[in-house]
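As provided, model32.cif (mmCIF, C-alpha atoms) reads as follows.
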data_entry
loop_
_atom_site.label_atom_id
_atom_site.label_comp_id
_atom_site.auth_asym_id
_atom_site.auth_seq_id
_atom_site.Cartn_x
_atom_site.Cartn_y
_atom_site.Cartn_z
CA MET Z 11 85.33 36.58 28.29
CA MET Z 12 84.88 40.09 26.97
CA LYS Z 13 87.51 42.24 25.30
CA TYR Z 14 87.64 46.00 25.89
CA LYS Z 15 89.64 48.98 24.72
CA ILE Z 16 90.41 51.65 27.34
CA ASN Z 17 91.44 55.18 26.48
CA ILE Z 18 92.41 57.57 29.29
CA GLU Z 19 91.36 61.08 28.26
CA LYS Z 20 92.05 63.14 31.39
CA VAL Z 21 93.12 62.54 34.99
CA GLN Z 22 92.64 65.19 37.69
CA THR Z 23 93.72 65.44 41.30
CA VAL Z 24 91.23 67.54 43.27
CA ASP Z 25 90.97 68.56 46.93
CA GLU Z 26 87.18 68.68 47.00
CA ILE Z 27 84.11 67.56 45.07
CA ARG Z 28 81.83 70.57 45.28
CA GLU Z 29 78.76 68.89 43.87
CA TYR Z 30 78.66 66.42 46.77
CA TRP Z 31 77.12 69.08 49.00
CA THR Z 32 73.70 70.34 47.92
CA SER Z 33 72.04 73.62 48.84
CA GLU Z 34 69.80 71.64 51.18
CA ASP Z 35 72.89 70.20 52.90
CA TYR Z 36 74.25 73.70 53.43
CA ILE Z 37 70.92 74.93 54.82
CA GLN Z 38 70.63 72.02 57.24
CA LEU Z 39 74.25 72.38 58.35
CA LEU Z 40 73.76 76.13 58.87
CA GLU Z 41 70.85 75.36 61.18
CA ILE Z 42 73.03 72.87 63.08
CA PHE Z 43 75.66 75.61 63.46
CA ASN Z 44 73.05 78.03 64.84
CA TYR Z 45 72.70 80.25 61.78
CA PRO Z 46 69.08 81.48 61.70
CA ASP Z 47 66.85 81.57 58.60
CA ALA Z 48 69.42 79.94 56.34
CA GLU Z 49 66.71 79.00 53.82
CA ASP Z 50 66.16 82.73 53.13
CA SER Z 51 69.76 83.21 51.96
CA GLU Z 52 70.85 83.26 48.33
CA LYS Z 53 72.00 79.82 47.20
CA GLU Z 54 75.35 81.12 45.98
CA ASN Z 55 76.10 82.49 49.46
CA LEU Z 56 75.28 79.37 51.47
CA ARG Z 57 78.74 77.84 51.33
CA GLU Z 58 80.53 80.95 52.57
CA LEU Z 59 77.90 81.51 55.24
CA LEU Z 60 78.45 77.94 56.44
CA PHE Z 61 82.20 78.46 56.60
CA MET Z 62 81.70 81.54 58.75
CA ALA Z 63 79.26 79.69 61.01
CA ILE Z 64 81.59 76.69 61.32
CA THR Z 65 84.57 78.77 62.38
CA ASP Z 66 82.63 80.13 65.37
CA PHE Z 67 83.12 76.64 66.83
CA GLU Z 68 86.23 74.84 67.99
CA PRO Z 69 87.54 72.62 65.15
CA SER Z 70 86.95 69.30 66.92
CA GLU Z 71 83.41 70.31 67.89
CA ALA Z 72 82.69 71.40 64.32
CA ALA Z 73 84.03 68.07 63.05
CA GLN Z 74 81.68 66.21 65.37
CA LEU Z 75 78.67 68.19 64.17
CA VAL Z 76 79.44 67.71 60.46
CA MET Z 77 80.11 63.99 60.99
CA LYS Z 78 76.87 63.50 62.92
CA TYR Z 79 75.02 65.07 59.99
CA THR Z 80 76.87 63.18 57.27
CA LEU Z 81 77.38 59.79 58.93
CA ASP Z 82 74.21 59.60 60.99
CA GLY Z 83 73.80 56.07 62.31
CA GLN Z 84 77.00 54.78 60.75
CA LEU Z 85 79.32 55.71 63.62
CA THR Z 86 78.84 55.67 67.39
CA GLU Z 87 79.16 58.82 69.51
CA GLY Z 88 82.49 57.51 70.77
CA GLN Z 89 83.81 56.91 67.25
CA ILE Z 90 82.72 60.38 66.13
CA HIS Z 91 84.44 61.94 69.15
CA GLN Z 92 87.66 60.03 68.49
CA ILE Z 93 87.72 60.77 64.76
CA SER Z 94 86.98 64.47 65.33
CA ASN Z 95 90.22 64.73 67.31
CA ASP Z 96 92.21 62.49 64.98
CA MET Z 97 91.16 64.55 61.94
CA LEU Z 98 93.12 67.53 63.23
CA ILE Z 99 96.40 65.64 63.02
CA ASP Z 100 95.89 62.97 60.37
CA THR Z 101 93.96 62.24 57.17
CA VAL Z 102 91.61 59.71 58.76
CA CYS Z 103 89.62 59.40 55.51
CA GLU Z 104 92.60 57.75 53.82
CA GLU Z 105 93.22 55.18 56.52
CA TYR Z 106 89.83 54.39 58.05
CA PRO Z 107 89.51 50.58 58.11
CA GLU Z 108 85.86 50.53 57.02
CA MET Z 109 86.34 51.35 53.36
CA GLU Z 110 82.66 52.15 52.81
CA LEU Z 111 83.03 55.24 55.04
CA GLN Z 112 86.17 56.65 53.43
CA ALA Z 113 84.35 58.71 50.79
CA LYS Z 114 82.04 60.40 53.30
CA LEU Z 115 84.94 61.05 55.65
CA PHE Z 116 86.81 62.65 52.73
CA HIS Z 117 83.93 65.04 52.04
CA VAL Z 118 83.69 65.94 55.74
CA ASN Z 119 87.46 66.41 56.03
CA GLN Z 120 87.72 68.66 53.00
CA LEU Z 121 84.75 70.80 53.99
CA LEU Z 122 86.47 71.44 57.31
CA PHE Z 123 89.84 71.94 55.61
CA LYS Z 124 88.30 74.68 53.44
CA ALA Z 125 86.31 76.27 56.26
CA TYR Z 126 89.30 76.50 58.58
CA ASN Z 127 91.72 77.46 55.80
CA GLY Z 128 94.09 74.56 56.32
CA LYS Z 129 93.76 73.80 60.03
CA PHE Z 130 92.79 70.23 59.08
CA PRO Z 131 95.23 68.13 56.99
CA SER Z 132 94.16 67.99 53.34
CA SER Z 133 93.33 64.90 51.33
CA SER Z 134 92.60 64.41 47.64
CA ALA Z 135 90.39 62.61 45.16
CA THR Z 136 91.28 61.38 41.69
CA ILE Z 137 88.89 61.92 38.78
CA ILE Z 138 89.45 59.92 35.60
CA HIS Z 139 87.72 60.65 32.30
CA CYS Z 140 88.03 57.72 29.92
CA SER Z 141 86.35 55.75 27.17
CA ILE Z 142 85.68 52.04 27.59
CA THR Z 143 84.71 50.27 24.39
CA ALA Z 144 83.65 46.63 24.30
CA PHE Z 145 84.43 44.58 21.22
CA LYS Z 146 81.30 42.82 19.84
CA ASP Z 147 78.96 44.53 22.31
CA ASP Z 148 77.42 47.96 21.78
CA ASN Z 149 75.94 48.18 25.28
CA PRO Z 150 78.13 46.32 27.78
CA SER Z 151 77.47 46.27 31.54
CA ILE Z 152 80.27 48.42 32.99
CA THR Z 153 80.38 48.06 36.78
CA LYS Z 154 82.87 49.40 39.30
CA GLU Z 155 84.37 45.92 39.45
CA THR Z 156 84.77 45.86 35.66
CA VAL Z 157 86.41 49.29 35.67
CA LEU Z 158 89.05 48.39 38.26
CA ARG Z 159 89.96 45.18 36.46
CA LEU Z 160 90.29 47.07 33.21
CA LEU Z 161 92.44 49.76 34.82
CA ASN Z 162 94.80 47.15 36.28
CA ASP Z 163 96.99 46.88 33.17
CA GLY Z 164 97.44 50.66 32.98
CA LEU Z 165 98.53 51.10 36.59
CA SER Z 166 102.00 51.22 38.07
CA ASP Z 167 102.98 48.25 40.24
CA ARG Z 168 103.31 50.78 43.09
CA ASN Z 169 99.55 51.29 43.16
CA ILE Z 170 98.12 50.31 46.55
CA VAL Z 171 94.89 48.79 45.14
CA LYS Z 172 96.89 46.67 42.73
CA ARG Z 173 99.06 45.42 45.60
CA LEU Z 174 96.32 44.89 48.21
CA PHE Z 175 93.77 43.30 45.88
CA GLU Z 176 95.96 41.41 43.43
CA ASP Z 177 93.65 38.40 43.01
CA GLN Z 178 90.55 40.58 42.65
CA MET Z 179 92.20 42.95 40.16
CA ASN Z 180 93.39 39.98 38.09
CA GLY Z 181 89.91 38.48 38.02
CA ASN Z 182 90.74 35.42 40.09
CA THR Z 183 88.00 36.10 42.63
CA GLU Z 184 85.00 38.39 43.02
CA PHE Z 185 85.62 41.97 44.04
CA PRO Z 186 82.96 43.43 46.40
CA GLU Z 187 85.47 46.03 47.65
CA ALA Z 188 85.27 47.70 44.23
CA GLU Z 189 81.99 49.32 45.27
CA HIS Z 190 83.83 51.41 47.86
CA ILE Z 191 87.19 51.84 46.11
CA ILE Z 192 85.43 53.69 43.30
CA TRP Z 193 83.31 56.37 44.95
CA ASP Z 194 81.31 57.30 41.87
CA LEU Z 195 81.00 55.91 38.36
CA GLN Z 196 79.12 57.95 35.78
CA ASN Z 197 78.38 56.91 32.21
CA LEU Z 198 78.43 60.37 30.63
CA GLU Z 199 77.56 59.26 27.11
CA HIS Z 200 77.78 55.98 25.21
CA ASP Z 201 81.29 54.68 26.05
CA HIS Z 202 82.58 57.71 27.99
CA PHE Z 203 82.92 57.43 31.77
CA LYS Z 204 83.83 59.60 34.74
CA ILE Z 205 85.44 57.71 37.62
CA THR Z 206 85.91 59.26 41.06
CA THR Z 207 88.09 57.59 43.66
CA SER Z 208 90.44 58.33 46.54
CA GLY Z 209 93.64 60.18 45.69
CA ASN Z 210 95.31 57.91 48.20
CA LEU Z 211 94.14 54.70 46.54
CA LEU Z 212 94.78 55.78 42.97
CA LYS Z 213 97.25 58.56 42.28
CA LYS Z 214 97.38 60.42 38.97
CA GLU Z 215 101.03 59.50 38.40
CA GLU Z 216 100.24 55.80 38.88
CA ILE Z 217 98.29 55.72 35.61
CA ILE Z 218 101.22 54.92 33.32
CA ASP Z 219 99.45 54.11 30.03
CA SER Z 220 96.90 56.07 28.01
CA THR Z 221 95.46 53.36 25.73
CA TRP Z 222 95.34 49.59 26.01
CA GLU Z 223 93.18 46.54 25.37
CA LYS Z 224 92.22 43.94 27.94
CA GLU Z 225 90.13 40.79 28.06
CA ILE Z 226 88.34 40.01 31.31
CA GLU Z 227 85.79 37.51 32.54
CA ASP Z 228 82.30 38.86 33.09
CA PHE Z 229 81.13 38.14 36.65
CA GLY Z 230 77.75 39.70 35.90
CA ASP Z 231 76.08 42.95 36.85
CA ASP Z 232 76.31 43.54 40.61
CA SER Z 233 75.09 47.05 41.38
CA GLY Z 234 78.33 48.62 40.18
CA LYS Z 235 76.69 51.90 39.28
#

Represent the structure from my file as structure tokens, please.
Amino acid sequence: MMKYKINIEKVQTVDEIREYWTSEDYIQLLEIFNYPDAEDSEKENLRELLFMAITDFEPSEAAQLVMKYTLDGQLTEGQIHQISNDMLIDTVCEEYPEMELQAKLFHVNQLLFKAYNGKFPSSSATIIHCSITAFKDDNPSITKETVLRLLNDGLSDRNIVKRLFEDQMNGNTEFPEAEHIIWDLQNLEHDHFKITTSGNLLKKEEIIDSTWEKEIEDFGDDSGK
């Protein structure tokens, strides 16, 4: 067993994660949307140029093209076609049964939401800045699984992850789903972490404590970062 102290420093609700898309992504997407010589454009203009190129297409067609680029090989043509239509009426990224695709679907959805100025329903992500300090260990292995178990005591009982994964959150069984519930885990410095997850799975208002201590069993390092 290992004992930790958790201190929540800041929680943000955001409707996009800009750094997900690189300049190279924008250039490749511009080529897909028939914008010539995109690589010759100024980097700071690529995003707006892409938005203009996207809106020359029907929304469902644009959704298909962005999904094919982002989820290449992970969805069939039929699935992409179905989701591209569903995205116009529902936040598919929040409900898609394959949890490992929810993050990518979020980024696709929000790019289209911004490009079409609200024609697609909006979703959100939650970003948590916190410190996680282990007692008697200066360099603990902090995985996504560890983080979720530690967060458990600071979450409202209304939280969907807490309700759906009660045994896993309480440490009664292993927690492979943690890898996809937490989209990104960054160790910024020493014991300070930045956690990015779905705004549907973990809402800002569901974090009801700011500081607490918790003892959990160490299941070992399992590619949590």

Please identify all polymer residues within 10 Å of Gln74 in chain Z, counting only C-alpha atoms, omitting same-chain residues fewer than 3 positions from it, and present them as a PyMOL selection string. chain Z and resi 69-71+77-80+87+89-95+118

Keeping C-alpha atoms for every residue in the selection just given, could you write it to a file as a compact mmCIF listing (two decimals), in the coordinates of the input?
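Okay, part_10.txt is ready:
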# COMPACT_ATOMS: atom_id res chain seq x y z
CA PRO Z 69 87.54 72.62 65.15
CA SER Z 70 86.95 69.30 66.92
CA GLU Z 71 83.41 70.31 67.89
CA MET Z 77 80.11 63.99 60.99
CA LYS Z 78 76.87 63.50 62.92
CA TYR Z 79 75.02 65.07 59.99
CA THR Z 80 76.87 63.18 57.27
CA GLU Z 87 79.16 58.82 69.51
CA GLN Z 89 83.81 56.91 67.25
CA ILE Z 90 82.72 60.38 66.13
CA HIS Z 91 84.44 61.94 69.15
CA GLN Z 92 87.66 60.03 68.49
CA ILE Z 93 87.72 60.77 64.76
CA SER Z 94 86.98 64.47 65.33
CA ASN Z 95 90.22 64.73 67.31
CA VAL Z 118 83.69 65.94 55.74

Range 68-147 of chain Z near range 12-25 of chain Z within 9 Å: what's each residue's closest atom pair and its distance in Å to one decimal, counting only C-alpha atoms, ordered by chain then ascending residue number, as JSON lines?
{"residue": "Z:Gln120", "atom": "CA", "partner": "Z:Asp25", "partner_atom": "CA", "distance": 6.9}
{"residue": "Z:Ser132", "atom": "CA", "partner": "Z:Asp25", "partner_atom": "CA", "distance": 7.2}
{"residue": "Z:Ser133", "atom": "CA", "partner": "Z:Asp25", "partner_atom": "CA", "distance": 6.2}
{"residue": "Z:Ser134", "atom": "CA", "partner": "Z:Asp25", "partner_atom": "CA", "distance": 4.5}
{"residue": "Z:Ala135", "atom": "CA", "partner": "Z:Val24", "partner_atom": "CA", "distance": 5.3}
{"residue": "Z:Thr136", "atom": "CA", "partner": "Z:Thr23", "partner_atom": "CA", "distance": 4.8}
{"residue": "Z:Ile137", "atom": "CA", "partner": "Z:Gln22", "partner_atom": "CA", "distance": 5.1}
{"residue": "Z:Ile138", "atom": "CA", "partner": "Z:Val21", "partner_atom": "CA", "distance": 4.6}
{"residue": "Z:His139", "atom": "CA", "partner": "Z:Lys20", "partner_atom": "CA", "distance": 5.1}
{"residue": "Z:Cys140", "atom": "CA", "partner": "Z:Ile18", "partner_atom": "CA", "distance": 4.4}
{"residue": "Z:Ser141", "atom": "CA", "partner": "Z:Asn17", "partner_atom": "CA", "distance": 5.2}
{"residue": "Z:Ile142", "atom": "CA", "partner": "Z:Ile16", "partner_atom": "CA", "distance": 4.8}
{"residue": "Z:Thr143", "atom": "CA", "partner": "Z:Lys15", "partner_atom": "CA", "distance": 5.1}
{"residue": "Z:Ala144", "atom": "CA", "partner": "Z:Tyr14", "partner_atom": "CA", "distance": 4.3}
{"residue": "Z:Phe145", "atom": "CA", "partner": "Z:Lys13", "partner_atom": "CA", "distance": 5.6}
{"residue": "Z:Lys146", "atom": "CA", "partner": "Z:Lys13", "partner_atom": "CA", "distance": 8.3}
{"residue": "Z:Asp147", "atom": "CA", "partner": "Z:Met12", "partner_atom": "CA", "distance": 8.7}

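Once all atoms listed in the file are considered, the residues situated within 10 Å of the file point (79.0, 78.8, 53.6) turn out to be Ser33, Tyr36, Ile37, Leu39, Leu40, Lys53, Glu54, Asn55, Leu56, Arg57, Glu58, Leu59, Leu60, Phe61, Met62, Ala63, Ile64, Leu121 and Ala125 of chain Z.
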
Shortest interatomic distance to Glu68 in chain Z - which of Z:Ala113, Z:Leu98, Z:Glu215, Z:Thr32, counting all atoms listed in the file: Z:Leu98

Tell me which of Z:Met11, Z:Met97, Z:Leu115, Z:Ile192 sits closest to Leu81 in chain Z, counting only C-alpha atoms.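 Going through Z:Met11, Z:Met97, Z:Leu115, Z:Ile192 one by one, the smallest distance to Leu81 in chain Z is for Z:Leu115.
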
Counting only C-alpha atoms, which residues come within 9 Å of (88.3, 51.4, 36.2), with the point read in the file's coordinates, and could you list them as a PyMOL selection string? chain Z and resi 138+140+153-162+192+195+205
